[in-house]
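Inspection log for the structure reproduced underneath, given as structure tokens.
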Amino acid sequence: MSIREDAEREILRVLEDLDKASTARAVRFIRSLGSVVRSALRNRYRVLIVYSGSNPFRVGAVTARTLLYYERVRRRDGDERKLKLLYVFHDEFEDARIRKEIVKRVVKESSRGIEPTIAVYEESERFLGTTFQILVLDLTNDLKPNDVGRLTGIVEGGGLIIIQAPPWSEWDRMMTIFKSNLLVPGFREPRHVFISWFKRKLVEHNANIFVYDLDSGELISGSAYEVEAPPKVEIVIPGDRLSPEDLYKLALTQDQVNVIKSMEWFYERPPRGKRKVMVVTADRGRGKSCAVGIGLIGLAKLLGEVKHRVRILVTAPEVSNVQSLMELALKAAGVAGLDPKPVERRGYIVEIQGRKFSLEYWEPYRIPVLSADIVAVDEASGIHVPLLHRIWRSHDRIVFAATIHGYEGAGRGFSVRFLSAIKNDPNTLLKTVDMEEPIRYARGDPVERWLFDTLLLDAEPAELDERDIEDIRSGNLEYVKLNPEELFTKEGEALLRQLFGIYVLAHYRNEPDDLGLLADAPHHIIRAMRTARGKKIVSAIQIAEEGSLDEELVERLLMGDKISGNIIPDRLLKHVRLKEFGRLKGWRIVRIATHPQVQGMGIGSRALQHIVEEARERGLDWVGSGFGVNEQLLRFWLKN
């Protein structure tokens, strides 16, 4: 899309005098960051700057000016590397195109060593597993929690992240794309809660996180992070290894070395009737996929010495999830002298063929019916638990790699609900490896702490004591109606963490977007069951109000059209042709999840009774649910 002629003239004026377009105050702020950047580079911590403002030309100019200054500081410190910049924006908005164009042209004309990659948010998933020194996120027109969680992790230690934002005082109530997509018939205004939460977290985490208001020329918050990074752990390659030393040299941390060494356990087959399972768990950014990829090639080389051909299967929720694994496997296979040749489909590596081995990606549902010497399941926490069980039961040498705290936010459910079953199986020999050291930045990175806190990636259910268990056994529970406007405040945050922690454990594919939906979707309602004395949440319920559709919408659905929300009316109109049902109003239970420590004690059934009772009091016509079927859920809903 082109930029209007008057906007183009203004861009040229900005390029003629970047400092003037940036304003003297902003330039002084940028120059004050020198010591912060040098400290960040020395300690491998990242720096985050938020530029808030109403003038896209000024925001673009200040962003560009900051990038040039950051490059200059690095060069003064002797860093002559090319700096990779990822700039992500929404190209359908002219103000976003103006900001992008200014940064792009300034970098091209005035930078000696910044290599820009310009992308739109729809492409963000392809950057998972890549590394950049600089990231610019234009959040002016939209703030999608998944995008922030997905992209922030690609920046290495000492790197710079810039967020472009609307005027600070107006940002809370701006109608973003994400909020617009939450609206359904009968609900035309979102709640405007999540961005207020996001802003508060930026201000609270002010170490190496700066918020600068370009309209007022004032620094809202931010200070240098004075904590020295812990010394990097020296990598020691084990002397009793089976795989070549050159493969181990590809590892960037001792944790990765430990994974590669542990995978050599698969060289010997398990005893007859037994299976070997290795589980690798890590927070995002610890390099687990890369370590598994190297380890698989080590096994391919070892097994290739005693077998005619080695077949290794790799799976994950999406083929994009295994690209880091495939790229490191390809590199490792070259180092190991296995003459690898990648096979690509739609830009993704789906197979590596080499001397006496093949490493193949298959969709998760295909794995149980295929034969293989080794199976690797990456991002296992994103695969439905019943399918994980089928994969586990169908092969005798399997490695599961799971993200515990990541942008999906789902790994704890994998640990609680799947790993416990493996541990209790007498025919499974289990080895677990936990990875803690980040690959791209130092431990204690302040930007990672901010991200985890903001997106509740580390949310956990409440710790239950004997008094809580006694309350549950005796039925001493309270049904509580929770308000997002209160939950997403400083006072309500502890309760929100308990609630969301239960969702994370209960659902196999939880995402930051779910947190944004909980905050802003106007037709979603939050209910919970908690212990009467300890006030601890033991069941979390999310409900969507549906129905009450007018005649036009009913006719559209009958004709096969789609509208936002209204899943149950849609199904009954399309498949049962109950025209009058569309006019009725009801509650669809989106999620009902019980604390894993007290499942099977009737808490969910009791919560349902309260929900139906409240629905009657409100004069609603029906209560229903939609869910992905598995045996446990089906039993629960049939019982109720």
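Chain labels A, B, ... are given in the sequence in which chains occur in the structure tokens; within each chain residues are numbered consecutively from 1, and ligands are likewise numbered from 1 in the order shown.
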
Exercise. Just the residues within 10 Å of Asp453 (chain A), please, counting only C-alpha atoms, with nothing from its chain fewer than 3 positions along; format it as a PyMOL selection string.
Key: chain A and resi 198+201+205+447-450+456-459+497

Exercise. Enumerate as a PyMOL selection string all residues of region 214-430 of chain A assigned to strand (DSSP E or B) by DSSP on the backbone, naming them with the chain letters and numbers the document uses.
Key: chain A and resi 218-221+223+275-282+310-315+341-345+348-354+357-361+374-377+397-403+428-430

Any chance you can output those residues with N, CA and C atoms as a compact mmCIF listing (two decimals), in the first residue's frame?
# COMPACT_ATOMS: atom_id res chain seq x y z
N GLU A 218 8.04 13.41 28.62
CA GLU A 218 8.39 12.98 29.98
C GLU A 218 8.63 11.47 30.02
N LEU A 219 9.56 11.09 30.88
CA LEU A 219 9.79 9.68 31.17
C LEU A 219 8.79 9.25 32.23
N ILE A 220 7.89 8.33 31.90
CA ILE A 220 6.87 7.87 32.83
C ILE A 220 7.47 6.92 33.86
N SER A 221 8.32 6.02 33.41
CA SER A 221 8.96 5.08 34.33
C SER A 221 10.19 4.50 33.68
N SER A 223 14.34 2.59 34.95
CA SER A 223 15.62 2.79 35.62
C SER A 223 16.57 1.69 35.19
N ARG A 275 9.38 -50.12 27.85
CA ARG A 275 9.67 -49.02 26.94
C ARG A 275 10.48 -47.96 27.67
N LYS A 276 11.30 -47.27 26.92
CA LYS A 276 12.10 -46.17 27.47
C LYS A 276 11.47 -44.84 27.07
N VAL A 277 11.27 -43.99 28.05
CA VAL A 277 10.72 -42.66 27.80
C VAL A 277 11.63 -41.63 28.47
N MET A 278 12.01 -40.63 27.71
CA MET A 278 12.77 -39.50 28.26
C MET A 278 11.93 -38.24 28.12
N VAL A 279 11.83 -37.47 29.18
CA VAL A 279 11.05 -36.24 29.18
C VAL A 279 11.98 -35.06 29.44
N VAL A 280 12.01 -34.12 28.49
CA VAL A 280 12.81 -32.90 28.62
C VAL A 280 11.85 -31.74 28.87
N THR A 281 12.00 -31.04 30.00
CA THR A 281 11.14 -29.91 30.30
C THR A 281 11.99 -28.64 30.44
N ALA A 282 11.43 -27.54 30.02
CA ALA A 282 12.16 -26.27 30.07
C ALA A 282 11.19 -25.12 29.89
N VAL A 310 18.29 -46.37 9.90
CA VAL A 310 17.67 -45.86 11.13
C VAL A 310 16.54 -44.91 10.75
N ARG A 311 15.36 -45.17 11.28
CA ARG A 311 14.22 -44.29 11.01
C ARG A 311 13.82 -43.57 12.29
N ILE A 312 13.86 -42.24 12.25
CA ILE A 312 13.49 -41.40 13.39
C ILE A 312 12.28 -40.56 13.00
N LEU A 313 11.25 -40.61 13.82
CA LEU A 313 10.05 -39.80 13.58
C LEU A 313 10.01 -38.64 14.55
N VAL A 314 9.64 -37.49 14.05
CA VAL A 314 9.49 -36.28 14.86
C VAL A 314 8.08 -35.76 14.67
N THR A 315 7.45 -35.33 15.77
CA THR A 315 6.12 -34.74 15.66
C THR A 315 6.00 -33.55 16.60
N LYS A 341 20.46 -34.39 3.44
CA LYS A 341 19.75 -33.62 2.40
C LYS A 341 18.37 -33.30 2.93
N PRO A 342 18.05 -31.99 3.07
CA PRO A 342 16.74 -31.62 3.59
C PRO A 342 15.66 -31.75 2.53
N VAL A 343 14.46 -32.13 2.96
CA VAL A 343 13.28 -32.15 2.10
C VAL A 343 12.33 -31.09 2.64
N GLU A 344 11.96 -30.13 1.80
CA GLU A 344 11.11 -29.03 2.25
C GLU A 344 9.73 -29.10 1.62
N ARG A 345 8.75 -28.60 2.38
CA ARG A 345 7.39 -28.47 1.90
C ARG A 345 6.85 -27.14 2.38
N TYR A 348 9.03 -25.29 4.85
CA TYR A 348 9.39 -25.95 6.10
C TYR A 348 10.18 -27.23 5.81
N ILE A 349 11.19 -27.51 6.63
CA ILE A 349 11.89 -28.79 6.54
C ILE A 349 10.99 -29.86 7.12
N VAL A 350 10.63 -30.87 6.33
CA VAL A 350 9.77 -31.95 6.81
C VAL A 350 10.51 -33.28 6.89
N GLU A 351 11.71 -33.33 6.33
CA GLU A 351 12.48 -34.58 6.40
C GLU A 351 13.95 -34.27 6.15
N ILE A 352 14.81 -35.05 6.80
CA ILE A 352 16.24 -35.01 6.51
C ILE A 352 16.65 -36.43 6.14
N GLN A 353 17.14 -36.60 4.93
CA GLN A 353 17.61 -37.90 4.47
C GLN A 353 19.13 -37.89 4.45
N GLY A 354 19.73 -38.95 4.96
CA GLY A 354 21.18 -39.02 5.00
C GLY A 354 21.67 -40.44 4.93
N PHE A 357 20.18 -43.13 7.42
CA PHE A 357 19.14 -42.65 8.35
C PHE A 357 18.15 -41.74 7.64
N SER A 358 16.97 -41.62 8.23
CA SER A 358 16.01 -40.57 7.83
C SER A 358 15.38 -40.02 9.10
N LEU A 359 15.18 -38.73 9.11
CA LEU A 359 14.50 -38.04 10.21
C LEU A 359 13.29 -37.35 9.60
N GLU A 360 12.07 -37.78 9.99
CA GLU A 360 10.85 -37.37 9.28
C GLU A 360 9.85 -36.72 10.23
N TYR A 361 9.24 -35.62 9.77
CA TYR A 361 8.12 -35.02 10.52
C TYR A 361 6.81 -35.64 10.06
N ILE A 374 13.26 -44.50 16.80
CA ILE A 374 13.16 -43.47 17.84
C ILE A 374 12.02 -42.54 17.45
N VAL A 375 11.25 -42.08 18.45
CA VAL A 375 10.23 -41.06 18.23
C VAL A 375 10.52 -39.86 19.13
N ALA A 376 10.45 -38.66 18.56
CA ALA A 376 10.62 -37.43 19.35
C ALA A 376 9.36 -36.59 19.22
N VAL A 377 8.77 -36.22 20.35
CA VAL A 377 7.57 -35.39 20.37
C VAL A 377 7.97 -34.02 20.92
N ARG A 397 10.89 -46.40 22.32
CA ARG A 397 11.94 -45.41 22.62
C ARG A 397 11.43 -44.03 22.19
N ILE A 398 11.04 -43.23 23.17
CA ILE A 398 10.38 -41.94 22.88
C ILE A 398 10.98 -40.85 23.76
N VAL A 399 11.22 -39.69 23.15
CA VAL A 399 11.58 -38.50 23.92
C VAL A 399 10.45 -37.48 23.76
N PHE A 400 9.93 -37.00 24.90
CA PHE A 400 8.93 -35.94 24.92
C PHE A 400 9.62 -34.65 25.38
N ALA A 401 9.51 -33.59 24.61
CA ALA A 401 10.05 -32.28 25.00
C ALA A 401 8.89 -31.32 25.20
N ALA A 402 8.82 -30.70 26.36
CA ALA A 402 7.66 -29.86 26.70
C ALA A 402 8.11 -28.52 27.27
N THR A 403 7.46 -27.46 26.80
CA THR A 403 7.67 -26.13 27.36
C THR A 403 6.81 -25.99 28.61
N THR A 428 7.31 -48.80 32.07
CA THR A 428 8.00 -47.67 31.45
C THR A 428 9.22 -47.28 32.27
N LEU A 429 10.37 -47.29 31.62
CA LEU A 429 11.61 -46.80 32.23
C LEU A 429 11.71 -45.31 31.88
N LEU A 430 11.76 -44.46 32.89
CA LEU A 430 11.66 -43.02 32.69
C LEU A 430 12.94 -42.31 33.07

Practice problem: For CA of Arg99 (chain A) and CA of Ala119 (chain A), quote the distance in Å rounded to one decimal. | Solution: 13.3 Å

Exercise. Just the residues within 8 Å of Thr152 (chain A), please, counting only C-alpha atoms, with nothing from its chain fewer than 4 positions along; format it as number ranges by chain.
Key: A: 135, 148, 161

Using N, CA and C atoms, can you write the selected residues to a file as a PDB file, in the first residue's frame?
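New file selection28.pdb:
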ATOM      1  N   LEU A 135      14.324  -5.695  18.158  1.00  0.00           N
ATOM      2  CA  LEU A 135      12.929  -5.977  17.803  1.00  0.00           C
ATOM      3  C   LEU A 135      12.119  -4.699  17.991  1.00  0.00           C
ATOM      4  N   VAL A 148       2.939 -10.691  21.471  1.00  0.00           N
ATOM      5  CA  VAL A 148       3.945 -10.206  22.425  1.00  0.00           C
ATOM      6  C   VAL A 148       4.710 -11.386  23.020  1.00  0.00           C
ATOM      7  N   ILE A 161      14.527  -3.990  22.627  1.00  0.00           N
ATOM      8  CA  ILE A 161      13.144  -4.140  22.183  1.00  0.00           C
ATOM      9  C   ILE A 161      12.476  -2.770  22.284  1.00  0.00           C
TER      10      ILE A 161
END

Quiz item: So which bits of region 197-332 of chain A end up helix (DSSP H, G or I) when you DSSP the backbone, as a PyMOL selection string?
Solution: chain A and resi 197-204+245-248+254-267+288-304+319-332

Practice problem: Considering only C-alpha atoms, return as a PyMOL selection string whatever protein or nucleic-acid residues lie within 8 Å of Ala540 (chain A), sequence-local ones (same chain, fewer than 3 positions apart) excluded. | Solution: chain A and resi 499-500+502-503+526-529+537+591-594

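The gap separating CA of Ala544 (chain A) from CA of Arg618 (chain A) is 14.3 Å, in Å to one decimal.
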
Quiz item: Which residues, written as a PyMOL selection string, have at least one atom at most 12 Å from Arg583 (chain A), with only C-alpha atoms counted and residues fewer than 5 positions away on the same chain left out?
Solution: chain A and resi 546-555+566+569-570+572-573+578+620-622

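The neighbours of Asn146 (chain A) here are the residues that come within 8 Å of it, using only C-alpha atoms and leaving out any residue fewer than 2 positions away in the same chain; they are Lys144, Val148, Gly149, Arg150, Tyr407, Glu511, Pro512 and Asp513 of chain A.
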